[in-house]
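Student: Can you read through this structure? Questions will come right after.
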Amino acid sequence: MTASIGSQVTDSMITSDEFLETARQLIAAGRFIDRKGWVPATSGNFSARLSDGTLAITVSGKHKGHLVIEDIMRVDAQGCSLDGKKPSAETWLHTGIYRRFADVQAVLHPHSLNAVLISKLFKNEMVLADYELLKALPGIDTHESRVQIPIFANDQDIQRLSQQVDRYMDTQTPIPAYIIAGHGFYTWGNSVIDALRHLEALEFLFECEVRLYGAQNR
């Protein structure tokens with residue numbers, strides 16, 4: 001189901017309290033993810049949907065373990081700044097997810113070691129099957145499940161990359177995440193907490209696959 005986010009917005013359409021609470025959630029997520037070592041240096045970006053359809057998103061070039069309120073900005077549906085701050089070049093990938101999924105309220109993008117290794121070990125996708133922790137992902141209630149995680153080649157043209165992701169999602173079964181080769185991965189949820197749960201579960205499963213691959217290829 002595709003969501004519609006209006007691009008005509010004004011400061012009066014969103015309360016400062018709502019923005020501040022959302023910013024605090026993203027800051028807390030950044031600290032948790034940084035403690036896990038999943039956003040080295042200034043990598044990664046996080047966002048959340050606000051009630052007027054605009055997005056709160058991390059600004060470009062900030063360490064995600066040391067975010068402050070001023071490091072969270074607002075953008076419209078096209079990823080254009082609403083407050084004069086500079087968004088990440090990858091904002092287009094966030095807005096694409098929100099346009100596609102009406103119920104998604106948060107998108108998290110870490111640059112984890114396991115995601116990078118997965119992209120080197122597997123070509124176009126990896127399959128997670130028969131793991132108990134798959135039940136942490138949306139719509140899964142049994143370990144007897146099979147989840148595809150597509151891997152897309154990295155591309156400095158983010159709009160082109162976003163279009164490639166869209167074409168994949170148009171023709172495949174729903175996915176909980178995708179990997180960008182040599183880069184990191186994107187996952188999302190109905191809240192920041194949901195997205196964090198998906199991220200943590202996927203990280204565990206990615207590590208299982210990396211270790212399994214190493215054991216099988218000794």
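For the structure tokens, the naming scheme is as follows: chains receive sequential letters (A, B, ...) according to their order of presentation, residues are indexed from 1 within each chain, and ligands are indexed from 1 in presentation order.
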Fewer than 4 positions away in the same chain doesn't count, so skip those; otherwise give me all residues within 10 Å of A:Leu67, counting only C-alpha atoms, as a list in words.

Tutor: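 So the residues in contact are Ala23, Arg24, Leu26, Ile27, Ala28, Ala29, Gly30, Arg31, Thr58, Val59, Lys62, His63, Asp71 and Ile72 of chain A.
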
Student: Can you tell me, as number ranges by chain, which residues in stretch 59-189 of chain A count as strand (DSSP E) by DSSP?

Tutor: A: 72-75, 106-109, 125-129, 146-152, 177-180, 184-189

Student: Env of A:Tyr168: 12 Å cut, atoms = only C-alpha atoms, seq-sep filter 2 positions within chain, self excluded. Answer as an MDAnalysis selection string.

Tutor: chainID A and resid 124:125 148:152 161:166 170:175 178

Student: Quick one: everything within 9 Å of stretch 185-191 of chain A, counting only C-alpha atoms, minus sequence neighbours fewer than 4 positions away in the same chain. Send it as number ranges by chain.

Tutor: A: 48-49, 93-94, 97, 103-112, 115-116, 138, 151, 176-181, 195-199, 202

Student: Using Å and a single decimal, report how far atom CA of A:Thr91 sits from atom CA of A:Gly37.

Tutor: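 Distance reported for this atom pair: 22.1 Å.
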
Student: Identify, with DSSP run on backbone atoms, the residues in stretch 3-204 of chain A assigned to alpha helix (DSSP H), and express the list as JSON, numbers by chain.

Tutor: {"A": [16, 17, 18, 19, 20, 21, 22, 23, 24, 25, 26, 27, 28, 29, 30, 31, 32, 33, 34, 35, 91, 92, 93, 94, 95, 96, 97, 98, 99, 100, 113, 114, 115, 116, 117, 118, 119, 120, 121, 158, 159, 160, 161, 162, 163, 164, 165, 166, 167, 168, 169, 170, 171, 192, 193, 194, 195, 196, 197, 198, 199, 200, 201, 202, 203, 204]}

Student: Grab the residues selected above and save them as a CSV table (one decimal), in the first residue's frame with C-alpha atoms.

Tutor:
chain,number,residue,atom,x,y,z
A,16,SER,CA,7.5,21.6,18.7
A,17,ASP,CA,6.6,19.0,21.4
A,18,GLU,CA,6.0,16.3,18.8
A,19,PHE,CA,9.2,17.1,16.9
A,20,LEU,CA,11.2,17.2,20.1
A,21,GLU,CA,9.9,13.8,21.3
A,22,THR,CA,10.5,12.2,17.9
A,23,ALA,CA,14.0,13.7,17.8
A,24,ARG,CA,14.7,12.3,21.3
A,25,GLN,CA,13.7,8.9,20.1
A,26,LEU,CA,16.1,9.1,17.2
A,27,ILE,CA,18.9,10.3,19.4
A,28,ALA,CA,18.3,7.4,21.8
A,29,ALA,CA,18.3,4.9,18.9
A,30,GLY,CA,21.6,6.4,17.7
A,31,ARG,CA,23.2,5.9,21.0
A,32,PHE,CA,22.0,2.3,21.2
A,33,ILE,CA,23.1,1.5,17.7
A,34,ASP,CA,26.5,3.2,18.2
A,35,ARG,CA,27.1,1.1,21.4
A,91,THR,CA,17.3,10.8,2.3
A,92,TRP,CA,15.6,9.8,-1.0
A,93,LEU,CA,15.8,6.1,0.2
A,94,HIS,CA,14.0,7.0,3.4
A,95,THR,CA,11.2,8.9,1.5
A,96,GLY,CA,10.8,6.0,-0.9
A,97,ILE,CA,10.0,3.7,2.0
A,98,TYR,CA,7.5,6.1,3.5
A,99,ARG,CA,5.7,6.6,0.2
A,100,ARG,CA,5.4,2.8,-0.3
A,113,LEU,CA,30.2,-5.0,9.6
A,114,ASN,CA,27.9,-8.0,9.2
A,115,ALA,CA,25.8,-6.3,6.5
A,116,VAL,CA,28.9,-5.4,4.6
A,117,LEU,CA,30.3,-8.9,4.9
A,118,ILE,CA,27.0,-10.4,3.8
A,119,SER,CA,27.1,-8.3,0.7
A,120,LYS,CA,30.6,-9.6,-0.1
A,121,LEU,CA,29.6,-13.3,0.5
A,158,ILE,CA,20.7,7.8,-4.9
A,159,GLN,CA,17.6,8.5,-7.0
A,160,ARG,CA,18.6,5.8,-9.4
A,161,LEU,CA,19.3,3.4,-6.5
A,162,SER,CA,15.9,4.2,-5.0
A,163,GLN,CA,14.2,3.5,-8.3
A,164,GLN,CA,15.9,0.1,-8.4
A,165,VAL,CA,14.7,-0.7,-4.9
A,166,ASP,CA,11.2,0.3,-6.0
A,167,ARG,CA,11.2,-1.9,-9.0
A,168,TYR,CA,12.3,-4.9,-6.8
A,169,MET,CA,9.5,-4.2,-4.3
A,170,ASP,CA,6.9,-3.9,-7.0
A,171,THR,CA,7.5,-7.5,-8.1
A,192,VAL,CA,11.3,3.7,16.3
A,193,ILE,CA,11.1,0.9,18.8
A,194,ASP,CA,9.8,-1.6,16.2
A,195,ALA,CA,12.5,-0.6,13.7
A,196,LEU,CA,15.1,-1.1,16.4
A,197,ARG,CA,13.8,-4.6,17.2
A,198,HIS,CA,14.0,-5.4,13.5
A,199,LEU,CA,17.5,-4.0,13.2
A,200,GLU,CA,18.8,-6.0,16.2
A,201,ALA,CA,17.2,-9.2,15.1
A,202,LEU,CA,18.6,-8.9,11.6
A,203,GLU,CA,22.0,-8.1,12.9
A,204,PHE,CA,22.0,-11.3,14.9
